[in-house]
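Source file input10.txt; content: compact mmCIF, C-alpha atoms and all ligand atoms.
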```txt
# COMPACT_ATOMS: atom_id res chain seq x y z
CA MET A 22 -0.20 -64.86 13.72
CA SER A 23 2.36 -65.83 16.31
CA LYS A 24 5.33 -64.18 17.83
CA VAL A 25 8.26 -66.62 17.78
CA THR A 26 10.74 -66.90 20.64
CA ILE A 27 14.01 -68.78 20.21
CA GLU A 28 15.97 -69.28 23.46
CA GLY A 29 19.52 -70.63 23.49
CA VAL A 30 18.97 -73.08 20.64
CA VAL A 31 21.84 -75.47 19.87
CA LYS A 32 21.76 -78.09 17.10
CA ARG A 33 24.73 -80.40 16.65
CA PHE A 34 25.61 -82.81 13.85
CA GLU A 35 28.19 -85.41 14.85
CA GLY A 36 29.49 -83.17 17.63
CA HIS A 37 29.73 -80.05 15.43
CA ALA A 38 27.32 -77.27 16.42
CA ALA A 39 25.65 -76.05 13.20
CA VAL A 40 23.55 -73.75 15.42
CA ALA A 41 25.65 -72.80 18.44
CA GLY A 42 23.36 -71.00 20.88
CA VAL A 43 20.90 -68.68 19.16
CA SER A 44 18.36 -66.48 20.96
CA LEU A 45 15.98 -64.32 18.93
CA THR A 46 12.48 -62.90 19.14
CA VAL A 47 10.46 -62.50 15.97
CA GLU A 48 7.45 -60.21 16.44
CA SER A 49 4.00 -61.04 15.20
CA GLY A 50 3.50 -59.87 11.60
CA GLU A 51 7.20 -59.26 11.06
CA LEU A 52 9.31 -60.32 8.07
CA PHE A 53 12.49 -61.45 9.80
CA THR A 54 15.52 -62.57 7.77
CA LEU A 55 18.33 -64.94 8.71
CA LEU A 56 21.27 -63.75 6.61
CA GLY A 57 24.74 -65.22 6.40
CA PRO A 58 27.27 -67.05 4.25
CA SER A 59 26.88 -70.65 3.17
CA GLY A 60 27.22 -73.04 6.10
CA CYS A 61 26.50 -70.49 8.86
CA GLY A 62 23.53 -72.52 10.14
CA LYS A 63 20.52 -70.59 8.83
CA THR A 64 18.81 -73.55 7.13
CA THR A 65 19.42 -75.72 10.20
CA LEU A 66 17.77 -73.10 12.43
CA LEU A 67 14.80 -72.84 10.05
CA ARG A 68 14.39 -76.61 10.10
CA VAL A 69 14.40 -76.58 13.90
CA LEU A 70 11.56 -74.02 13.78
CA ALA A 71 9.64 -76.16 11.27
CA GLY A 72 10.08 -79.20 13.51
CA PHE A 73 12.12 -81.19 10.96
CA TYR A 74 15.04 -81.25 13.39
CA GLN A 75 14.86 -81.50 17.18
CA GLN A 76 17.28 -79.07 18.84
CA ASP A 77 19.84 -80.47 21.34
CA GLU A 78 19.41 -77.50 23.69
CA GLY A 79 17.10 -74.53 24.11
CA ASN A 80 13.44 -73.72 23.57
CA VAL A 81 11.20 -72.61 20.73
CA ARG A 82 7.86 -70.93 21.44
CA PHE A 83 5.08 -69.93 19.05
CA GLY A 84 3.22 -67.28 21.01
CA ASP A 85 3.15 -68.63 24.58
CA ARG A 86 3.16 -72.23 23.46
CA LEU A 87 6.34 -74.28 23.89
CA VAL A 88 6.66 -76.32 20.66
CA ASN A 89 9.87 -78.28 21.39
CA ASP A 90 8.00 -81.60 21.32
CA VAL A 91 5.34 -80.71 18.76
CA PRO A 92 5.88 -82.67 15.51
CA ALA A 93 6.29 -80.78 12.22
CA HIS A 94 2.80 -81.55 10.86
CA LYS A 95 1.17 -80.12 14.00
CA ARG A 96 3.09 -76.82 14.05
CA ASN A 97 0.91 -75.15 11.43
CA THR A 98 3.85 -73.62 9.58
CA GLY A 99 3.92 -73.00 5.81
CA MET A 100 7.22 -73.76 4.07
CA VAL A 101 8.57 -72.49 0.75
CA PHE A 102 11.87 -73.90 -0.51
CA GLN A 103 14.39 -72.97 -3.17
CA ASN A 104 13.40 -75.85 -5.46
CA TYR A 105 9.63 -75.08 -5.30
CA ALA A 106 8.79 -78.73 -4.49
CA VAL A 107 5.51 -78.64 -6.44
CA PHE A 108 4.01 -82.00 -7.39
CA PRO A 109 4.65 -82.48 -11.13
CA HIS A 110 1.69 -84.83 -11.71
CA MET A 111 -0.94 -82.49 -10.22
CA THR A 112 -2.53 -79.37 -11.70
CA VAL A 113 -1.96 -75.98 -10.10
CA PHE A 114 -5.33 -76.25 -8.35
CA GLU A 115 -4.62 -79.75 -7.02
CA ASN A 116 -1.19 -78.69 -5.79
CA VAL A 117 -2.69 -75.89 -3.76
CA ALA A 118 -5.61 -78.07 -2.55
CA TYR A 119 -3.27 -80.80 -1.31
CA GLY A 120 -2.58 -79.38 2.17
CA LEU A 121 -6.25 -78.68 2.76
CA LYS A 122 -7.31 -82.21 1.77
CA ALA A 123 -4.71 -83.59 4.16
CA ARG A 124 -6.44 -81.51 6.84
CA LYS A 125 -9.82 -82.95 5.80
CA VAL A 126 -11.11 -79.72 4.32
CA GLY A 127 -13.41 -80.43 1.36
CA GLY A 128 -16.39 -79.26 -0.68
CA GLN A 129 -17.14 -75.60 -1.07
CA GLU A 130 -14.70 -74.49 1.60
CA LEU A 131 -11.87 -76.19 -0.28
CA GLN A 132 -12.94 -74.53 -3.56
CA ARG A 133 -13.19 -71.12 -1.89
CA ARG A 134 -9.87 -71.26 -0.06
CA VAL A 135 -7.86 -72.58 -3.02
CA THR A 136 -9.38 -69.91 -5.28
CA GLU A 137 -8.54 -67.24 -2.72
CA ALA A 138 -4.93 -68.44 -2.40
CA LEU A 139 -4.55 -68.55 -6.20
CA GLU A 140 -5.94 -65.02 -6.46
CA MET A 141 -3.48 -63.85 -3.82
CA VAL A 142 -0.55 -64.94 -6.00
CA LYS A 143 -2.30 -63.95 -9.28
CA LEU A 144 -2.54 -67.49 -10.65
CA ALA A 145 -6.32 -67.98 -10.78
CA ASP A 146 -6.29 -68.09 -14.59
CA LEU A 147 -3.74 -70.91 -14.69
CA LYS A 148 -5.40 -73.23 -12.20
CA ASP A 149 -5.79 -76.12 -14.66
CA ARG A 150 -2.21 -76.10 -15.95
CA MET A 151 0.39 -78.71 -15.07
CA PRO A 152 3.63 -77.43 -13.42
CA SER A 153 5.62 -78.34 -16.57
CA GLN A 154 3.54 -75.71 -18.42
CA LEU A 155 4.59 -72.96 -16.01
CA SER A 156 7.62 -70.66 -15.81
CA GLY A 157 9.95 -70.81 -12.81
CA GLY A 158 8.36 -67.71 -11.32
CA GLN A 159 4.86 -69.17 -11.73
CA GLN A 160 5.94 -72.44 -10.12
CA GLN A 161 7.30 -70.49 -7.18
CA ARG A 162 3.92 -68.75 -6.90
CA VAL A 163 2.23 -72.15 -6.74
CA ALA A 164 4.57 -73.10 -3.90
CA LEU A 165 3.71 -69.84 -2.16
CA ALA A 166 -0.06 -70.36 -2.59
CA ARG A 167 0.32 -73.88 -1.25
CA ALA A 168 2.05 -72.58 1.86
CA LEU A 169 -0.50 -69.77 2.38
CA VAL A 170 -3.69 -71.78 1.79
CA ILE A 171 -3.42 -73.58 5.13
CA GLN A 172 -3.39 -70.16 6.88
CA PRO A 173 -0.14 -70.91 8.71
CA GLN A 174 0.65 -69.15 11.95
CA LEU A 175 4.22 -68.85 10.67
CA LEU A 176 5.63 -68.79 7.12
CA LEU A 177 9.16 -70.19 6.68
CA MET A 178 11.02 -69.44 3.44
CA ASP A 179 14.40 -70.96 2.58
CA GLU A 180 16.15 -69.15 -0.30
CA PRO A 181 12.83 -69.09 -2.19
CA LEU A 182 14.13 -66.97 -5.07
CA SER A 183 17.53 -68.43 -5.83
CA ASN A 184 16.35 -70.50 -8.80
CA LEU A 185 14.90 -67.46 -10.58
CA ASP A 186 16.67 -65.08 -12.95
CA ALA A 187 17.70 -61.64 -11.67
CA LYS A 188 14.70 -59.69 -12.98
CA LEU A 189 12.13 -62.20 -11.75
CA ARG A 190 13.85 -62.36 -8.37
CA ILE A 191 13.24 -58.66 -7.87
CA GLU A 192 9.62 -58.94 -9.05
CA MET A 193 8.90 -61.90 -6.76
CA ARG A 194 10.52 -60.37 -3.70
CA THR A 195 8.34 -57.28 -4.14
CA GLU A 196 5.32 -59.57 -4.42
CA ILE A 197 6.25 -61.63 -1.34
CA ARG A 198 6.68 -58.42 0.65
CA ARG A 199 3.30 -57.08 -0.56
CA LEU A 200 1.45 -60.27 0.43
CA GLN A 201 3.29 -60.55 3.72
CA ARG A 202 2.39 -56.96 4.67
CA GLN A 203 -1.18 -57.13 3.42
CA TYR A 204 -1.99 -60.27 5.40
CA GLY A 205 0.35 -59.60 8.34
CA ILE A 206 1.95 -63.04 8.04
CA THR A 207 4.80 -63.64 10.51
CA THR A 208 7.59 -64.75 8.17
CA ILE A 209 11.12 -66.04 8.70
CA TYR A 210 13.15 -65.77 5.52
CA VAL A 211 16.54 -67.36 4.86
CA THR A 212 18.95 -65.93 2.32
CA HIS A 213 22.68 -65.48 1.72
CA ASP A 214 21.95 -62.51 -0.59
CA GLN A 215 22.51 -59.32 1.37
CA GLU A 216 20.78 -57.08 -1.16
CA GLU A 217 17.67 -59.26 -1.02
CA ALA A 218 17.75 -59.20 2.78
CA LEU A 219 18.09 -55.40 2.90
CA ALA A 220 15.24 -54.95 0.42
CA ILE A 221 12.68 -57.30 1.91
CA SER A 222 13.09 -57.37 5.71
CA ASP A 223 11.68 -55.58 8.73
CA ARG A 224 14.67 -56.89 10.67
CA ILE A 225 17.70 -59.02 9.88
CA ALA A 226 19.82 -61.37 12.00
CA VAL A 227 23.31 -61.71 10.51
CA MET A 228 24.67 -65.18 11.28
CA ASN A 229 28.25 -66.43 11.29
CA GLN A 230 29.40 -69.92 12.28
CA GLY A 231 26.20 -70.90 14.05
CA ARG A 232 25.84 -67.66 16.01
CA VAL A 233 24.01 -64.37 15.59
CA GLU A 234 26.46 -61.48 15.09
CA GLN A 235 23.90 -58.67 14.99
CA VAL A 236 20.16 -58.10 14.85
CA GLY A 237 18.68 -54.89 13.47
CA SER A 238 16.71 -53.08 10.80
CA PRO A 239 18.27 -53.10 7.32
CA ARG A 240 19.46 -49.50 7.82
CA ASP A 241 20.92 -50.34 11.21
CA ILE A 242 22.84 -53.30 9.87
CA TYR A 243 24.09 -51.32 6.87
CA PHE A 244 25.03 -48.08 8.59
CA ASN A 245 26.03 -49.35 12.05
CA PRO A 246 27.64 -52.76 11.71
CA GLN A 247 28.85 -53.73 15.19
CA THR A 248 31.41 -56.32 14.17
CA LEU A 249 34.00 -56.54 11.43
CA PHE A 250 32.22 -59.61 10.06
CA VAL A 251 28.95 -57.69 9.57
CA ALA A 252 30.80 -54.69 8.13
CA GLY A 253 32.55 -56.93 5.60
CA PHE A 254 29.48 -58.99 4.74
CA ILE A 255 26.94 -56.21 4.18
CA GLY A 256 27.47 -53.95 1.21
CA THR A 257 30.94 -53.33 -0.14
CA THR A 258 33.54 -51.93 2.17
CA ASN A 259 37.31 -51.46 2.25
CA LEU A 260 39.08 -53.18 5.15
CA LEU A 261 42.26 -51.24 5.87
CA PRO A 262 44.89 -52.62 8.25
CA ALA A 263 45.49 -50.09 11.03
CA ARG A 264 47.07 -49.74 14.49
CA VAL A 265 46.20 -48.27 17.86
CA GLN A 266 49.27 -46.45 19.20
CA GLY A 267 49.18 -44.45 22.41
CA GLY A 268 45.41 -44.07 22.30
CA GLU A 269 45.37 -43.00 18.66
CA VAL A 270 44.23 -44.99 15.62
CA ARG A 271 46.61 -44.68 12.68
CA VAL A 272 45.59 -45.64 9.16
CA LEU A 273 47.33 -44.92 5.84
CA ASP A 274 50.12 -43.30 7.94
CA GLN A 275 47.73 -40.68 9.32
CA ALA A 276 46.00 -40.12 12.65
CA LEU A 277 42.33 -41.07 12.34
CA ARG A 278 41.02 -40.45 15.86
CA GLU A 279 41.64 -41.02 19.55
CA VAL A 280 40.24 -44.16 21.13
CA LYS A 281 40.23 -45.76 24.57
CA ALA A 282 41.89 -49.01 23.55
CA ALA A 283 45.17 -50.79 24.20
CA ASP A 284 47.94 -50.67 21.60
CA GLY A 285 47.66 -53.28 18.86
CA ASP A 286 46.39 -54.08 15.40
CA CYS A 287 42.91 -53.08 14.30
CA THR A 288 40.94 -52.65 11.08
CA VAL A 289 39.47 -49.47 9.65
CA THR A 290 36.48 -49.77 7.31
CA ILE A 291 35.48 -47.18 4.75
CA ARG A 292 32.79 -47.64 2.09
CA PRO A 293 33.79 -46.96 -1.55
CA GLU A 294 31.08 -44.28 -1.96
CA LYS A 295 32.50 -42.32 1.00
CA ILE A 296 35.83 -41.76 -0.78
CA ALA A 297 36.09 -38.79 -3.17
CA LEU A 298 38.60 -37.64 -5.73
CA GLY A 299 41.02 -35.05 -4.24
CA GLN A 300 42.35 -34.33 -0.75
CA GLY A 301 40.18 -35.12 2.28
CA GLU A 302 40.60 -35.24 6.06
CA ILE A 303 42.39 -38.54 5.42
CA SER A 304 44.06 -38.75 2.01
CA PHE A 305 46.00 -41.24 -0.03
CA THR A 306 47.66 -41.23 -3.43
CA GLY A 307 47.88 -44.31 -5.58
CA HIS A 308 48.09 -45.90 -8.96
CA VAL A 309 44.70 -46.36 -10.71
CA GLU A 310 44.56 -50.05 -11.68
CA GLU A 311 40.99 -50.29 -12.92
CA ALA A 312 38.10 -47.93 -13.67
CA LEU A 313 34.81 -49.72 -14.38
CA PHE A 314 31.75 -47.79 -15.55
CA VAL A 315 28.77 -49.45 -13.85
CA GLY A 316 25.92 -47.20 -15.00
CA SER A 317 25.16 -45.41 -11.75
CA GLY A 318 28.81 -44.36 -11.44
CA THR A 319 32.39 -45.57 -11.87
CA THR A 320 34.16 -48.06 -9.61
CA VAL A 321 37.88 -47.32 -9.38
CA PHE A 322 40.53 -49.60 -7.86
CA VAL A 323 43.60 -47.81 -6.54
CA ARG A 324 46.90 -49.37 -5.42
CA THR A 325 48.71 -47.39 -2.70
CA PRO A 326 52.55 -47.31 -2.46
CA SER A 327 52.33 -49.70 0.53
CA GLY A 328 50.51 -52.23 -1.71
CA GLN A 329 46.92 -51.82 -0.53
CA ARG A 330 44.11 -52.03 -3.04
CA ILE A 331 41.30 -49.59 -2.27
CA GLU A 332 37.91 -49.46 -3.99
CA VAL A 333 36.43 -46.03 -4.70
CA ARG A 334 32.96 -45.31 -6.09
CA LEU A 335 32.73 -42.04 -8.03
CA PRO A 336 29.39 -40.53 -9.05
CA ASN A 337 28.73 -39.77 -12.72
CA GLU A 338 29.22 -36.01 -12.22
CA VAL A 339 32.92 -36.63 -11.49
CA GLU A 340 35.35 -37.27 -14.35
CA PRO A 341 37.14 -40.47 -13.28
CA PRO A 342 40.95 -40.70 -13.44
CA ARG A 343 42.37 -42.89 -16.21
CA VAL A 344 43.83 -46.32 -15.67
CA GLY A 345 47.61 -46.06 -15.18
CA GLU A 346 47.45 -42.53 -13.72
CA GLN A 347 48.44 -41.50 -10.19
CA ALA A 348 45.56 -39.86 -8.35
CA THR A 349 44.78 -38.55 -4.86
CA PHE A 350 41.64 -39.49 -2.95
CA GLY A 351 40.26 -38.55 0.44
CA PHE A 352 37.55 -39.26 2.98
CA ARG A 353 36.09 -37.72 6.12
CA ARG A 354 37.27 -39.13 9.45
CA ALA A 355 33.69 -39.61 10.62
CA ALA A 356 32.93 -41.87 7.63
CA ALA A 357 35.42 -44.52 8.82
CA ALA A 358 34.77 -47.13 11.52
CA VAL A 359 37.38 -48.90 13.64
CA TYR A 360 37.18 -52.57 14.68
CA GLY A 361 39.35 -54.44 17.15
CA ALA A 362 39.11 -58.10 18.12
CA GLN A 363 36.10 -57.37 20.36
CA GLY A 364 34.05 -55.50 17.75
CA GLU A 365 33.69 -51.81 17.00
CA VAL A 366 36.07 -49.54 18.95
P1 LIG A 401 23.58 -72.84 2.88
O1 LIG A 401 23.25 -71.43 2.54
O2 LIG A 401 24.77 -73.36 2.15
O3 LIG A 401 22.42 -73.76 2.87
P2 LIG A 401 23.34 -72.62 5.74
O4 LIG A 401 23.76 -71.37 6.42
O5 LIG A 401 21.89 -72.81 5.53
O6 LIG A 401 24.13 -72.79 4.40
P3 LIG A 401 23.28 -75.13 7.14
O7 LIG A 401 22.73 -75.86 5.97
O8 LIG A 401 22.39 -74.83 8.25
O9 LIG A 401 23.95 -73.78 6.62
O10 LIG A 401 24.56 -75.92 7.66
C1 LIG A 401 25.31 -75.51 8.80
C2 LIG A 401 26.42 -76.52 9.07
O11 LIG A 401 25.86 -77.77 9.48
C3 LIG A 401 27.27 -76.82 7.85
O12 LIG A 401 28.60 -76.97 8.30
C4 LIG A 401 26.72 -78.13 7.34
O13 LIG A 401 27.71 -78.87 6.68
C5 LIG A 401 26.25 -78.81 8.60
N1 LIG A 401 25.07 -79.68 8.38
C6 LIG A 401 23.85 -79.27 7.94
N2 LIG A 401 22.98 -80.31 7.84
C7 LIG A 401 23.65 -81.41 8.24
C8 LIG A 401 23.30 -82.81 8.39
N3 LIG A 401 22.08 -83.24 8.11
N4 LIG A 401 24.28 -83.64 8.81
C9 LIG A 401 25.53 -83.20 9.11
N5 LIG A 401 25.90 -81.90 9.01
C10 LIG A 401 25.00 -81.01 8.57
```
Would you write the structure of this file as structure tokens?
Ligand code: ATP
Amino acid sequence: MSKVTIEGVVKRFEGHAAVAGVSLTVESGELFTLLGPSGCGKTTLLRVLAGFYQQDEGNVRFGDRLVNDVPAHKRNTGMVFQNYAVFPHMTVFENVAYGLKARKVGGQELQRRVTEALEMVKLADLKDRMPSQLSGGQQQRVALARALVIQPQLLLMDEPLSNLDAKLRIEMRTEIRRLQRQYGITTIYVTHDQEEALAISDRIAVMNQGRVEQVGSPRDIYFNPQTLFVAGFIGTTNLLPARVQGGEVRVLDQALREVKAADGDCTVTIRPEKIALGQGEISFTGHVEEALFVGSGTTVFVRTPSGQRIEVRLPNEVEPPRVGEQATFGFRRAAAAVYGAQGEV
């Protein structure tokens, strides 16, 4: 399995850079996710890696080999797409055998490898079915077996679970992770679903407008977002307008902490689960607009006198305030982060 090196890759469409200078290294055996909102360039970057698009600038290497000019069918990558792309007129077995036949593999080796790939995705019993006789999840397994059977040096997955219902999505992502780990397959995975990315990845690159904002482990990205974009995109967080004044950050009319930054506007982020009922180091009182029981706790929306809406997540042990009441909430200074125009302050 290859390490993948991406150096300064730019891909333009009609003058607009869909990928605007991306450099990344994906380690051998790693499950690496490109995460970002619709239109941020993740599919375009994946297609450059597959060889479907030629980049306008930059290099792509698989291991030590420069693949810029290697056509897609010679890159030995396996692809799995959102819409499965299984052939409707072929049985499960024939679908999986297709890529091997194209590579002139036949006879017993073909039988053995297709059977192995079908066993990997637990579909051996359904090998004679037509795709129309399969569920969505089973069709996606066929697509996965078809990508794996050619023993790709790199597996590329583009939103592979978005056509499945919520329960199956979670089952399949666990399965993909199990297979990927067991066989040490270097995998680049595209999704816009942050929960999926956090659950499945060794590392994540968060993309925004054709660029990488941050690369890190799921915990890193969640607990130490380096830019306001990442903080707002991952998990749920409150973005509170704040100011730096004389070296001090002020939020909700209180001093949060001293910083070495020039006077001006900034944003303070605080996650809903870090806010508790009652006074804290930083406190605010507001009108409870909504209180939604969500099973693992209650999500409360509070409107402050200055018009800000703040989300609070209370655990089940705490009796939530009623809608329409005034209530006081607080959080620890250390739980808040401060972002200026240049990133975290
Ligand atoms: P999504 O999750 O919606 O697929 P994405 O992050 O994968 O989004 P891309 O599909 O890579 O985003 O698109 C990035 C930008 O490039 C978008 O502005 C898109 O409109 C543009 N783009 C993508 N493909 C083409 C194309 N073939 N021709 C022209 N513009 C394109």
Enumerate residues in contact with ligand LIG 401 (chain A): an atom-to-atom distance of at most 6 Å, counting all atoms listed in the file. Format the result as a short mmCIF file (atom, residue, chain, number, x, y, z; two decimals) with C-alpha atoms, keeping the file's coordinate frame.
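Output saved as result_28.cif:
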```cif
data_model
loop_
_atom_site.label_atom_id
_atom_site.label_comp_id
_atom_site.auth_asym_id
_atom_site.auth_seq_id
_atom_site.Cartn_x
_atom_site.Cartn_y
_atom_site.Cartn_z
CA PHE A 34 25.61 -82.81 13.85
CA ALA A 39 25.65 -76.05 13.20
CA PRO A 58 27.27 -67.05 4.25
CA SER A 59 26.88 -70.65 3.17
CA GLY A 60 27.22 -73.04 6.10
CA CYS A 61 26.50 -70.49 8.86
CA GLY A 62 23.53 -72.52 10.14
CA LYS A 63 20.52 -70.59 8.83
CA THR A 64 18.81 -73.55 7.13
CA THR A 65 19.42 -75.72 10.20
#
```
Legend entry - Which of A:Asp186, A:Glu140, A:Asp149, A:Glu192 sits closest to Thr112 in chain A [using only C-alpha atoms]: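 Counting only C-alpha atoms, the residue closest to Thr112 in chain A is A:Asp149.
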Inset, instruction - Fewer than 6 positions away in the same chain doesn't count, so skip those; otherwise give me all residues within 12 Å of Glu115 in chain A, counting only C-alpha atoms, as number ranges by chain. - result: A: 107-109, 121-123, 131-132, 135-136, 139, 147-152, 163-164, 166-167, 170
Legend entry - Spatial neighbours of Leu249 in chain A, 7 Å, all atoms listed in the file, chain gap at least 4 places, as an MDAnalysis selection string: chainID A and resid 253 360 364
Legend entry - Computed interatomic separation between CA of Phe53 in chain A and CA of Asp85 in chain A (Å): 18.9 Å
Legend entry - Given all atoms listed in the file as the counted atoms, nearest of A:Phe73, A:Phe102, A:Tyr204, A:Phe244 to Met178 in chain A: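 Residue with the minimum atom-to-atom distance to Met178 in chain A: A:Phe102.
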Give the padded box for range 95-114 of chain A as lines of an AutoDock Vina configuration file: axis-aligned, covering all atoms listed in the file, 6 Å on each side, centre and edge lengths in Å to one decimal.
```
center_x = 4.5
center_y = -78.7
center_z = 1.2
size_x = 31.7
size_y = 24.3
size_z = 37.8
```
Legend entry - Residue nearest Gly36 in chain A among A:Ala138, A:Ile225, A:Tyr210, A:Asp77 (counting only C-alpha atoms):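 Of all the options, A:Asp77 lies closest to Gly36 in chain A.
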Inset, instruction - Give me the residues within 9 Å of Ser304 in chain A as a PyMOL selection string, counting only C-alpha atoms and dropping any in the same chain fewer than 3 places off. - result: chain A and resi 273+275+299-301+349-352
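One finds CA of Ile291 in chain A at 22.5 Å from CA of Gly267 in chain A.
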Inset, instruction - Select, from A:Leu313, A:Ala218, A:Leu177, A:Val113, the residue with the minimum atom-to-atom distance to Asn337 in chain A, counting only C-alpha atoms. - result: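 Selected residue with least distance to Asn337 in chain A: A:Leu313.
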Inset, instruction - Choose the residue, out of A:Arg96, A:Arg202, A:Arg343, A:His110, that has the smallest atom-to-atom separation from Ser222 in chain A; count all atoms listed in the file. - result: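 Among A:Arg96, A:Arg202, A:Arg343, A:His110, it is A:Arg202 that comes nearest to Ser222 in chain A.
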Inset, instruction - Give me, please, the distance in Å between CA of Gln129 in chain A and CA of Arg198 in chain A, quoted to one decimal. - result: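 So the two atoms, CA of Gln129 in chain A and CA of Arg198 in chain A, lie 29.4 Å apart.
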Inset, instruction - Find the residues around Val43 in chain A up to 10 Å (all atoms listed in the file counted), leave out those fewer than 4 positions away in its own chain, and share them as a PyMOL selection string. - result: chain A and resi 27-32+66+79+228+231-234
Legend entry - Best match for closeness to Thr212 in chain A among A:Leu277, A:Glu180, A:Thr306, A:Gln230, counting all atoms listed in the file: A:Glu180
Inset, instruction - Find the residues near Gly307 in chain A: any atom within 10 Å, counting only C-alpha atoms, skip ones fewer than 3 places away on the same chain, and give them as a list in words. - result: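 Those residues are Glu310, Phe322, Val323, Arg324, Thr325, Pro326, Ser327, Gly328, Gln329, Arg330, Ile331, Gly345, Glu346, Gln347, Ala348, Thr349 and Phe350 of chain A.
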